[in-house]
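Next comes run.cif, a file with mmCIF, C-alpha atoms and all ligand atoms.
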data_entry
loop_
_atom_site.group_PDB
_atom_site.id
_atom_site.type_symbol
_atom_site.label_atom_id
_atom_site.label_comp_id
_atom_site.auth_asym_id
_atom_site.auth_seq_id
_atom_site.Cartn_x
_atom_site.Cartn_y
_atom_site.Cartn_z
ATOM 1 C CA MET K 35 4.307 5.656 -12.304
ATOM 2 C CA LYS K 36 6.439 2.651 -13.213
ATOM 3 C CA LYS K 37 4.578 -0.539 -14.134
ATOM 4 C CA LEU K 38 6.027 -3.317 -11.990
ATOM 5 C CA LYS K 39 6.753 -6.583 -13.765
ATOM 6 C CA THR K 40 4.405 -9.187 -12.380
ATOM 7 C CA ALA K 41 4.316 -12.967 -12.739
ATOM 8 C CA VAL K 42 1.195 -15.016 -12.104
ATOM 9 C CA LEU K 43 1.568 -18.651 -10.985
ATOM 10 C CA ILE K 44 -1.342 -20.939 -11.835
ATOM 11 C CA SER K 45 -2.372 -24.591 -11.882
ATOM 12 C CA GLY K 46 -5.827 -24.437 -13.441
ATOM 13 C CA SER K 47 -8.566 -22.460 -15.106
ATOM 14 C CA GLY K 48 -7.084 -19.050 -14.398
ATOM 15 C CA THR K 49 -10.172 -16.879 -13.984
ATOM 16 C CA ASN K 50 -8.276 -14.781 -11.427
ATOM 17 C CA LEU K 51 -5.379 -14.562 -13.890
ATOM 18 C CA GLN K 52 -7.901 -13.235 -16.436
ATOM 19 C CA ALA K 53 -9.100 -10.583 -13.989
ATOM 20 C CA LEU K 54 -5.482 -9.532 -13.412
ATOM 21 C CA LEU K 55 -4.708 -9.466 -17.154
ATOM 22 C CA ASP K 56 -7.788 -7.294 -17.769
ATOM 23 C CA ALA K 57 -6.920 -4.882 -14.953
ATOM 24 C CA CYS K 58 -3.302 -4.517 -16.050
ATOM 25 C CA ARG K 59 -4.485 -3.399 -19.468
ATOM 26 C CA ARG K 60 -6.127 -0.293 -17.938
ATOM 27 C CA PRO K 61 -4.154 2.915 -18.471
ATOM 28 C CA GLY K 62 -2.248 3.972 -15.402
ATOM 29 C CA PHE K 63 -2.425 0.564 -13.692
ATOM 30 C CA PRO K 64 0.869 0.239 -11.759
ATOM 31 C CA ALA K 65 1.649 -3.378 -12.743
ATOM 32 C CA GLU K 66 1.998 -5.394 -15.950
ATOM 33 C CA ILE K 67 1.890 -9.150 -16.305
ATOM 34 C CA THR K 68 5.028 -10.244 -18.086
ATOM 35 C CA LEU K 69 5.084 -13.956 -17.268
ATOM 36 C CA VAL K 70 2.616 -16.725 -16.443
ATOM 37 C CA ILE K 71 3.988 -19.964 -15.013
ATOM 38 C CA SER K 72 1.977 -23.146 -14.647
ATOM 39 C CA ASN K 73 3.032 -26.408 -13.020
ATOM 40 C CA ARG K 74 0.423 -28.229 -15.134
ATOM 41 C CA ALA K 75 0.431 -28.506 -18.935
ATOM 42 C CA ASP K 76 -3.383 -28.701 -19.094
ATOM 43 C CA ALA K 77 -4.019 -25.455 -17.152
ATOM 44 C CA TYR K 78 -6.452 -23.361 -19.217
ATOM 45 C CA GLY K 79 -4.812 -20.253 -17.803
ATOM 46 C CA LEU K 80 -1.881 -20.906 -20.174
ATOM 47 C CA THR K 81 -4.275 -20.324 -23.089
ATOM 48 C CA ARG K 82 -5.600 -17.146 -21.464
ATOM 49 C CA ALA K 83 -2.026 -15.844 -21.149
ATOM 50 C CA ALA K 84 -1.158 -16.765 -24.731
ATOM 51 C CA ASN K 85 -4.346 -15.026 -25.949
ATOM 52 C CA ALA K 86 -3.226 -11.912 -24.081
ATOM 53 C CA GLY K 87 0.223 -12.108 -25.665
ATOM 54 C CA VAL K 88 1.941 -12.829 -22.357
ATOM 55 C CA ALA K 89 4.949 -15.176 -22.122
ATOM 56 C CA THR K 90 4.208 -18.528 -20.531
ATOM 57 C CA GLN K 91 6.357 -21.195 -18.984
ATOM 58 C CA LEU K 92 5.485 -24.719 -17.949
ATOM 59 C CA ILE K 93 7.484 -25.834 -14.926
ATOM 60 C CA SER K 94 6.121 -29.219 -13.927
ATOM 61 C CA HIS K 95 6.766 -30.330 -10.360
ATOM 62 C CA LYS K 96 6.936 -33.861 -11.770
ATOM 63 C CA ASP K 97 10.233 -33.015 -13.470
ATOM 64 C CA TYR K 98 11.957 -32.285 -10.138
ATOM 65 C CA PRO K 99 12.970 -34.697 -7.377
ATOM 66 C CA ASP K 100 11.845 -32.468 -4.478
ATOM 67 C CA ARG K 101 10.299 -29.126 -3.526
ATOM 68 C CA GLU K 102 13.685 -27.384 -3.222
ATOM 69 C CA THR K 103 14.734 -28.084 -6.803
ATOM 70 C CA PHE K 104 11.254 -27.251 -8.143
ATOM 71 C CA ASP K 105 11.213 -23.938 -6.260
ATOM 72 C CA SER K 106 14.711 -23.160 -7.421
ATOM 73 C CA ALA K 107 13.611 -23.640 -11.070
ATOM 74 C CA LEU K 108 10.669 -21.305 -10.371
ATOM 75 C CA TYR K 109 12.989 -18.756 -8.801
ATOM 76 C CA ASP K 110 15.418 -18.841 -11.745
ATOM 77 C CA ALA K 111 12.570 -18.324 -14.245
ATOM 78 C CA LEU K 112 11.198 -15.347 -12.283
ATOM 79 C CA VAL K 113 14.579 -13.698 -11.892
ATOM 80 C CA ALA K 114 15.531 -14.307 -15.547
ATOM 81 C CA SER K 115 12.391 -12.340 -16.533
ATOM 82 C CA GLY K 116 13.096 -9.493 -14.121
ATOM 83 C CA VAL K 117 9.889 -10.159 -12.161
ATOM 84 C CA GLU K 118 9.183 -7.788 -9.248
ATOM 85 C CA ILE K 119 5.831 -9.078 -7.951
ATOM 86 C CA VAL K 120 4.485 -12.646 -7.849
ATOM 87 C CA CYS K 121 0.747 -13.391 -7.727
ATOM 88 C CA LEU K 122 -0.369 -16.900 -6.815
ATOM 89 C CA ALA K 123 -3.720 -17.535 -8.485
ATOM 90 C CA GLY K 124 -4.939 -21.062 -7.913
ATOM 91 C CA PHE K 125 -1.358 -22.345 -7.769
ATOM 92 C CA MET K 126 -1.707 -25.720 -6.091
ATOM 93 C CA ARG K 127 1.814 -26.277 -4.779
ATOM 94 C CA LEU K 128 3.167 -25.504 -1.340
ATOM 95 C CA LEU K 129 6.284 -23.337 -1.570
ATOM 96 C CA THR K 130 9.403 -23.827 0.550
ATOM 97 C CA ALA K 131 10.259 -21.313 3.272
ATOM 98 C CA GLY K 132 13.469 -20.420 1.420
ATOM 99 C CA PHE K 133 11.591 -19.479 -1.748
ATOM 100 C CA VAL K 134 8.941 -17.549 0.171
ATOM 101 C CA ALA K 135 11.590 -15.554 2.062
ATOM 102 C CA LYS K 136 13.093 -14.349 -1.218
ATOM 103 C CA TRP K 137 9.748 -12.773 -2.189
ATOM 104 C CA GLN K 138 8.790 -11.359 1.168
ATOM 105 C CA GLY K 139 6.458 -8.376 0.662
ATOM 106 C CA ARG K 140 6.348 -9.095 -3.084
ATOM 107 C CA MET K 141 4.313 -12.307 -3.295
ATOM 108 C CA ILE K 142 0.546 -12.362 -2.796
ATOM 109 C CA ASN K 143 -2.164 -15.036 -2.873
ATOM 110 C CA ILE K 144 -5.941 -15.201 -3.134
ATOM 111 C CA HIS K 145 -7.854 -17.577 -0.901
ATOM 112 C CA PRO K 146 -11.599 -18.304 -1.000
ATOM 113 C CA SER K 147 -12.468 -17.647 2.662
ATOM 114 C CA LEU K 148 -12.321 -14.877 5.213
ATOM 115 C CA LEU K 149 -8.857 -15.687 6.568
ATOM 116 C CA PRO K 150 -7.771 -16.591 9.196
ATOM 117 C CA ALA K 151 -10.941 -18.713 9.064
ATOM 118 C CA TYR K 152 -10.986 -21.768 6.799
ATOM 119 C CA LYS K 153 -7.413 -22.094 5.638
ATOM 120 C CA GLY K 154 -6.694 -24.972 3.249
ATOM 121 C CA LEU K 155 -8.861 -26.757 0.697
ATOM 122 C CA ASN K 156 -12.628 -27.240 0.242
ATOM 123 C CA THR K 157 -13.465 -23.969 1.978
ATOM 124 C CA HIS K 158 -16.993 -23.657 0.552
ATOM 125 C CA ARG K 159 -17.985 -27.188 1.596
ATOM 126 C CA ARG K 160 -16.661 -26.556 5.084
ATOM 127 C CA VAL K 161 -18.395 -23.187 5.606
ATOM 128 C CA LEU K 162 -21.706 -24.731 4.453
ATOM 129 C CA GLU K 163 -21.263 -27.713 6.798
ATOM 130 C CA ALA K 164 -20.520 -25.339 9.668
ATOM 131 C CA GLY K 165 -23.750 -23.404 9.011
ATOM 132 C CA GLU K 166 -21.957 -20.081 8.566
ATOM 133 C CA LYS K 167 -24.017 -17.058 7.537
ATOM 134 C CA GLU K 168 -21.271 -15.427 5.534
ATOM 135 C CA THR K 169 -17.964 -16.189 3.912
ATOM 136 C CA GLY K 170 -15.755 -14.353 1.430
ATOM 137 C CA CYS K 171 -12.283 -14.151 0.000
ATOM 138 C CA THR K 172 -8.927 -12.748 1.017
ATOM 139 C CA VAL K 173 -5.825 -11.453 -0.731
ATOM 140 C CA HIS K 174 -2.802 -11.710 1.553
ATOM 141 C CA PHE K 175 0.979 -11.609 1.501
ATOM 142 C CA VAL K 176 2.500 -15.073 1.325
ATOM 143 C CA THR K 177 4.512 -16.309 4.277
ATOM 144 C CA ALA K 178 6.052 -19.715 4.949
ATOM 145 C CA GLU K 179 2.865 -20.843 6.696
ATOM 146 C CA MET K 180 -0.003 -21.769 4.356
ATOM 147 C CA ASP K 181 -2.805 -19.175 3.925
ATOM 148 C CA ASP K 182 -1.190 -16.949 6.540
ATOM 149 C CA GLY K 183 0.413 -13.535 6.245
ATOM 150 C CA GLU K 184 -0.811 -9.944 6.340
ATOM 151 C CA VAL K 185 -4.249 -9.423 4.810
ATOM 152 C CA ILE K 186 -4.333 -6.853 2.010
ATOM 153 C CA LEU K 187 -8.040 -6.963 1.091
ATOM 154 C CA GLN K 188 -11.123 -9.030 1.889
ATOM 155 C CA ALA K 189 -14.633 -9.176 0.449
ATOM 156 C CA HIS K 190 -17.598 -10.523 2.413
ATOM 157 C CA VAL K 191 -20.184 -12.728 0.706
ATOM 158 C CA PRO K 192 -23.518 -13.746 2.281
ATOM 159 C CA ILE K 193 -24.422 -17.438 2.362
ATOM 160 C CA LEU K 194 -27.973 -17.981 1.069
ATOM 161 C CA PRO K 195 -30.261 -20.698 2.480
ATOM 162 C CA ASP K 196 -30.303 -22.742 -0.731
ATOM 163 C CA ASP K 197 -26.607 -22.343 -1.556
ATOM 164 C CA SER K 198 -24.691 -25.357 -2.839
ATOM 165 C CA GLU K 199 -20.919 -25.556 -2.913
ATOM 166 C CA GLN K 200 -21.105 -24.555 -6.603
ATOM 167 C CA THR K 201 -23.420 -21.530 -6.255
ATOM 168 C CA LEU K 202 -21.416 -20.260 -3.312
ATOM 169 C CA ALA K 203 -18.095 -20.773 -5.109
ATOM 170 C CA ALA K 204 -19.410 -18.810 -8.097
ATOM 171 C CA ARG K 205 -20.566 -15.906 -5.922
ATOM 172 C CA VAL K 206 -17.239 -15.800 -4.049
ATOM 173 C CA LEU K 207 -15.287 -16.016 -7.321
ATOM 174 C CA GLU K 208 -17.036 -12.868 -8.606
ATOM 175 C CA GLN K 209 -15.637 -11.026 -5.596
ATOM 176 C CA GLU K 210 -12.196 -12.604 -6.026
ATOM 177 C CA HIS K 211 -12.054 -11.092 -9.505
ATOM 178 C CA LYS K 212 -12.717 -7.652 -7.995
ATOM 179 C CA ILE K 213 -10.366 -7.683 -5.030
ATOM 180 C CA TYR K 214 -7.359 -9.417 -6.619
ATOM 181 C CA PRO K 215 -6.686 -6.585 -9.111
ATOM 182 C CA GLN K 216 -7.344 -3.997 -6.381
ATOM 183 C CA ALA K 217 -4.875 -5.718 -4.069
ATOM 184 C CA LEU K 218 -2.232 -5.951 -6.793
ATOM 185 C CA LYS K 219 -2.681 -2.216 -7.373
ATOM 186 C CA ILE K 220 -2.180 -1.507 -3.660
ATOM 187 C CA VAL K 221 0.981 -3.622 -3.472
ATOM 188 C CA ALA K 222 2.464 -2.194 -6.684
ATOM 189 C CA GLU K 223 1.792 1.376 -5.527
ATOM 190 C CA ARG K 224 3.351 0.615 -2.154
ATOM 191 C CA LEU K 225 6.483 -0.840 -3.767
ATOM 192 C CA ASN K 226 6.664 1.999 -6.275
ATOM 193 C CA SER K 227 6.559 4.652 -3.580
ATOM 194 C CA ALA K 228 9.141 2.780 -1.466
ATOM 195 C CA ASN K 229 11.640 3.009 -4.340
HETATM 196 C C1 LIG V 1 -9.805 -19.586 -6.571
HETATM 197 O O1 LIG V 1 -10.976 -19.908 -5.883
HETATM 198 C C2 LIG V 1 -8.752 -19.096 -5.608
HETATM 199 O O2 LIG V 1 -9.286 -18.404 -4.515
HETATM 200 C C3 LIG V 1 -8.121 -20.380 -5.144
HETATM 201 O O3 LIG V 1 -8.095 -21.200 -6.301
HETATM 202 C C4 LIG V 1 -9.135 -20.807 -7.196
HETATM 203 C C5 LIG V 1 -8.494 -20.505 -8.510
HETATM 204 O O4 LIG V 1 -9.450 -20.246 -9.513
HETATM 205 N N1 LIG V 1 -6.832 -20.125 -4.553
HETATM 206 P P1 LIG V 1 -8.994 -19.686 -10.916
HETATM 207 O O5 LIG V 1 -7.968 -20.667 -11.488
HETATM 208 O O6 LIG V 1 -8.425 -18.328 -10.726
HETATM 209 O O7 LIG V 1 -10.234 -19.669 -11.755
#
Please re-express this file's structure in structure tokens.
Amino acid sequence: MKKLKTAVLISGSGTNLQALLDACRRPGFPAEITLVISNRADAYGLTRAANAGVATQLISHKDYPDRETFDSALYDALVASGVEIVCLAGFMRLLTAGFVAKWQGRMINIHPSLLPAYKGLNTHRRVLEAGEKETGCTVHFVTAEMDDGEVILQAHVPILPDDSEQTLAARVLEQEHKIYPQALKIVAERLNSAN
């Protein structure tokens, strides 16, 4: 099976990127990470990528006058590297509808809640405030609407009585690191068999 060229877009620590890098190293995994792009120079994920011998690119939104020109720089970098799948992993920029349309069915995101519940930021604080009994994480296809799009995989995580935002985030993150590689495998296999 062909290994599909995959880019990961990050803004921060990159623990999900690490999970994807580790999974892609397994024999027979249908995707390989060939490019990591960050919009922030201080993202630790850039170091993780460099340690794994993967090409990195810094494309700072601050260098562009608007979202369209930023997204077009992103697009050019992805196409120049022959990227076939894009994984958003803690990438903290909203993407324009035009950019998203170009990657329809080929761009996925991980979100720390059981979508469609708790879209947006501060999900763990909000589920705790709402007194929920469980939460989780979701990998989904990216559409023009934020944290929307077909769900590929979800993992459920119980909320414990003494959970803080931090303990809950850590428990959800463990599950994120499991389902993100699984979801990438599903998407890559789907695309491979469609070709
Ligand atoms: C994760 O919680 C992910 O669900 C959210 O941003 C966080 C990124 O963490 N979209 P990391 O950079 O992968 O460690």
- Tell me, in Å to one decimal, how far atom CA of Ala123 of chain K is from atom CA of Leu108 of chain K.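 These atoms are spaced 15.0 Å apart.
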Build an axis-aligned box that encloses every atom of ligand LIG 1 (chain V) listed in the file, pad it by 8 Å on each side, and report its centre and edge lengths in Å to one decimal, as JSON.
{"center_x": -8.9, "center_y": -19.8, "center_z": -8.1, "size_x": 20.1, "size_y": 18.9, "size_z": 23.2}
- Collect all residues with atoms no farther than 10 Å from ligand LIG 1 (chain V), counting all atoms listed in the file, and output them as JSON, numbers by chain. {"K": [43, 44, 45, 46, 47, 48, 49, 50, 51, 52, 53, 54, 77, 78, 79, 122, 123, 124, 125, 126, 143, 144, 145, 146, 147, 154, 155, 156, 157, 158, 170, 171, 172, 173, 181, 203, 204, 206, 207, 208, 209, 210, 211, 214]}
- Message: I need the residue nearest Val191 of chain K from this list: K:Ala65, K:Leu218, K:Ala84, K:Leu148. Use only C-alpha atoms for the distance.
- Response: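 Selected residue with least distance to Val191 of chain K: K:Leu148.
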- Atomic distance atom CA of Leu69 of chain K - atom CA of Ala189 of chain K, expressed in Å with one decimal: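 Going from atom CA of Leu69 of chain K over to atom CA of Ala189 of chain K, I get 26.9 Å.
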- Item | Residue members of the PyMOL selection byres (((chain K and resi 227) around 12) and not hetatm) in the file shown, as number ranges by chain | K: 35-38, 64, 220-226, 228-229
List the residues selected by the PyMOL selection byres (((chain K and resi 87-89) around 9) and not hetatm) in the file shown, writing them as a PDB file with C-alpha atoms, in the frame of the given file.
ATOM      1  CA  ILE K  67       1.890  -9.150 -16.305  1.00  0.00           C
ATOM      2  CA  THR K  68       5.028 -10.244 -18.086  1.00  0.00           C
ATOM      3  CA  LEU K  69       5.084 -13.956 -17.268  1.00  0.00           C
ATOM      4  CA  VAL K  70       2.616 -16.725 -16.443  1.00  0.00           C
ATOM      5  CA  ILE K  71       3.988 -19.964 -15.013  1.00  0.00           C
ATOM      6  CA  ARG K  82      -5.600 -17.146 -21.464  1.00  0.00           C
ATOM      7  CA  ALA K  83      -2.026 -15.844 -21.149  1.00  0.00           C
ATOM      8  CA  ALA K  84      -1.158 -16.765 -24.731  1.00  0.00           C
ATOM      9  CA  ASN K  85      -4.346 -15.026 -25.949  1.00  0.00           C
ATOM     10  CA  ALA K  86      -3.226 -11.912 -24.081  1.00  0.00           C
ATOM     11  CA  THR K  90       4.208 -18.528 -20.531  1.00  0.00           C
ATOM     12  CA  GLN K  91       6.357 -21.195 -18.984  1.00  0.00           C
TER      13      GLN K  91
END
For segment 116-127 of chain K, supply all heavy atoms and format the output as a PDB file, in the frame of the given file.
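Result went into rebuild_38.pdb, see below:
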ATOM      1  N   GLY K 116      13.108 -10.786 -14.816  1.00  0.00           N
ATOM      2  CA  GLY K 116      13.096  -9.493 -14.121  1.00  0.00           C
ATOM      3  C   GLY K 116      11.806  -9.220 -13.356  1.00  0.00           C
ATOM      4  O   GLY K 116      11.383  -8.071 -13.196  1.00  0.00           O
ATOM      5  N   VAL K 117      11.176 -10.290 -12.863  1.00  0.00           N
ATOM      6  CA  VAL K 117       9.889 -10.159 -12.161  1.00  0.00           C
ATOM      7  C   VAL K 117      10.069  -9.455 -10.813  1.00  0.00           C
ATOM      8  O   VAL K 117      11.029  -9.707 -10.081  1.00  0.00           O
ATOM      9  CB  VAL K 117       9.253 -11.561 -11.983  1.00  0.00           C
ATOM     10  CG1 VAL K 117       8.126 -11.534 -10.972  1.00  0.00           C
ATOM     11  CG2 VAL K 117       8.766 -12.079 -13.326  1.00  0.00           C
ATOM     12  N   GLU K 118       9.118  -8.557 -10.509  1.00  0.00           N
ATOM     13  CA  GLU K 118       9.183  -7.788  -9.248  1.00  0.00           C
ATOM     14  C   GLU K 118       8.066  -8.150  -8.272  1.00  0.00           C
ATOM     15  O   GLU K 118       8.175  -7.929  -7.071  1.00  0.00           O
ATOM     16  CB  GLU K 118       9.096  -6.291  -9.598  1.00  0.00           C
ATOM     17  CG  GLU K 118      10.279  -5.833 -10.424  1.00  0.00           C
ATOM     18  CD  GLU K 118      10.062  -4.472 -11.083  1.00  0.00           C
ATOM     19  OE1 GLU K 118       9.264  -4.387 -12.036  1.00  0.00           O
ATOM     20  OE2 GLU K 118      10.679  -3.512 -10.635  1.00  0.00           O
ATOM     21  N   ILE K 119       6.956  -8.656  -8.805  1.00  0.00           N
ATOM     22  CA  ILE K 119       5.831  -9.078  -7.951  1.00  0.00           C
ATOM     23  C   ILE K 119       5.361 -10.448  -8.443  1.00  0.00           C
ATOM     24  O   ILE K 119       5.320 -10.691  -9.650  1.00  0.00           O
ATOM     25  CB  ILE K 119       4.641  -8.094  -8.042  1.00  0.00           C
ATOM     26  CG1 ILE K 119       5.042  -6.690  -7.583  1.00  0.00           C
ATOM     27  CG2 ILE K 119       3.447  -8.586  -7.220  1.00  0.00           C
ATOM     28  CD1 ILE K 119       3.920  -5.662  -7.661  1.00  0.00           C
ATOM     29  N   VAL K 120       5.018 -11.322  -7.489  1.00  0.00           N
ATOM     30  CA  VAL K 120       4.485 -12.646  -7.849  1.00  0.00           C
ATOM     31  C   VAL K 120       3.071 -12.771  -7.291  1.00  0.00           C
ATOM     32  O   VAL K 120       2.841 -12.533  -6.102  1.00  0.00           O
ATOM     33  CB  VAL K 120       5.368 -13.773  -7.263  1.00  0.00           C
ATOM     34  CG1 VAL K 120       4.781 -15.138  -7.596  1.00  0.00           C
ATOM     35  CG2 VAL K 120       6.802 -13.665  -7.788  1.00  0.00           C
ATOM     36  N   CYS K 121       2.129 -13.135  -8.153  1.00  0.00           N
ATOM     37  CA  CYS K 121       0.747 -13.391  -7.727  1.00  0.00           C
ATOM     38  C   CYS K 121       0.471 -14.884  -7.852  1.00  0.00           C
ATOM     39  O   CYS K 121       0.614 -15.448  -8.941  1.00  0.00           O
ATOM     40  CB  CYS K 121      -0.244 -12.664  -8.634  1.00  0.00           C
ATOM     41  SG  CYS K 121      -0.148 -10.886  -8.548  1.00  0.00           S
ATOM     42  N   LEU K 122       0.074 -15.507  -6.753  1.00  0.00           N
ATOM     43  CA  LEU K 122      -0.369 -16.900  -6.815  1.00  0.00           C
ATOM     44  C   LEU K 122      -1.872 -16.867  -7.080  1.00  0.00           C
ATOM     45  O   LEU K 122      -2.613 -16.200  -6.360  1.00  0.00           O
ATOM     46  CB  LEU K 122      -0.090 -17.618  -5.488  1.00  0.00           C
ATOM     47  CG  LEU K 122       1.356 -17.555  -4.969  1.00  0.00           C
ATOM     48  CD1 LEU K 122       1.471 -18.352  -3.664  1.00  0.00           C
ATOM     49  CD2 LEU K 122       2.335 -18.078  -6.012  1.00  0.00           C
ATOM     50  N   ALA K 123      -2.298 -17.557  -8.125  1.00  0.00           N
ATOM     51  CA  ALA K 123      -3.720 -17.535  -8.485  1.00  0.00           C
ATOM     52  C   ALA K 123      -4.171 -18.957  -8.792  1.00  0.00           C
ATOM     53  O   ALA K 123      -4.097 -19.414  -9.928  1.00  0.00           O
ATOM     54  CB  ALA K 123      -3.948 -16.610  -9.679  1.00  0.00           C
ATOM     55  N   GLY K 124      -4.565 -19.664  -7.734  1.00  0.00           N
ATOM     56  CA  GLY K 124      -4.939 -21.062  -7.913  1.00  0.00           C
ATOM     57  C   GLY K 124      -3.734 -21.925  -8.197  1.00  0.00           C
ATOM     58  O   GLY K 124      -3.817 -22.911  -8.925  1.00  0.00           O
ATOM     59  N   PHE K 125      -2.604 -21.572  -7.602  1.00  0.00           N
ATOM     60  CA  PHE K 125      -1.358 -22.345  -7.769  1.00  0.00           C
ATOM     61  C   PHE K 125      -1.334 -23.395  -6.662  1.00  0.00           C
ATOM     62  O   PHE K 125      -1.246 -23.049  -5.484  1.00  0.00           O
ATOM     63  CB  PHE K 125      -0.159 -21.404  -7.673  1.00  0.00           C
ATOM     64  CG  PHE K 125       1.164 -22.084  -7.921  1.00  0.00           C
ATOM     65  CD1 PHE K 125       1.458 -22.610  -9.169  1.00  0.00           C
ATOM     66  CD2 PHE K 125       2.109 -22.187  -6.916  1.00  0.00           C
ATOM     67  CE1 PHE K 125       2.684 -23.232  -9.406  1.00  0.00           C
ATOM     68  CE2 PHE K 125       3.330 -22.799  -7.142  1.00  0.00           C
ATOM     69  CZ  PHE K 125       3.615 -23.320  -8.393  1.00  0.00           C
ATOM     70  N   MET K 126      -1.433 -24.676  -7.067  1.00  0.00           N
ATOM     71  CA  MET K 126      -1.707 -25.720  -6.091  1.00  0.00           C
ATOM     72  C   MET K 126      -0.456 -26.436  -5.590  1.00  0.00           C
ATOM     73  O   MET K 126      -0.453 -27.653  -5.415  1.00  0.00           O
ATOM     74  CB  MET K 126      -2.695 -26.742  -6.694  1.00  0.00           C
ATOM     75  CG  MET K 126      -4.009 -26.131  -7.137  1.00  0.00           C
ATOM     76  SD  MET K 126      -4.871 -25.273  -5.797  1.00  0.00           S
ATOM     77  CE  MET K 126      -5.482 -26.681  -4.887  1.00  0.00           C
ATOM     78  N   ARG K 127       0.607 -25.689  -5.354  1.00  0.00           N
ATOM     79  CA  ARG K 127       1.814 -26.277  -4.779  1.00  0.00           C
ATOM     80  C   ARG K 127       2.199 -25.479  -3.544  1.00  0.00           C
ATOM     81  O   ARG K 127       2.127 -24.238  -3.553  1.00  0.00           O
ATOM     82  CB  ARG K 127       3.001 -26.203  -5.761  1.00  0.00           C
ATOM     83  CG  ARG K 127       2.799 -26.903  -7.070  1.00  0.00           C
ATOM     84  CD  ARG K 127       2.618 -28.378  -6.978  1.00  0.00           C
ATOM     85  NE  ARG K 127       3.718 -29.094  -6.332  1.00  0.00           N
ATOM     86  CZ  ARG K 127       3.652 -30.367  -5.975  1.00  0.00           C
ATOM     87  NH1 ARG K 127       2.562 -31.067  -6.171  1.00  0.00           N
ATOM     88  NH2 ARG K 127       4.688 -30.947  -5.413  1.00  0.00           N
TER      89      ARG K 127
END
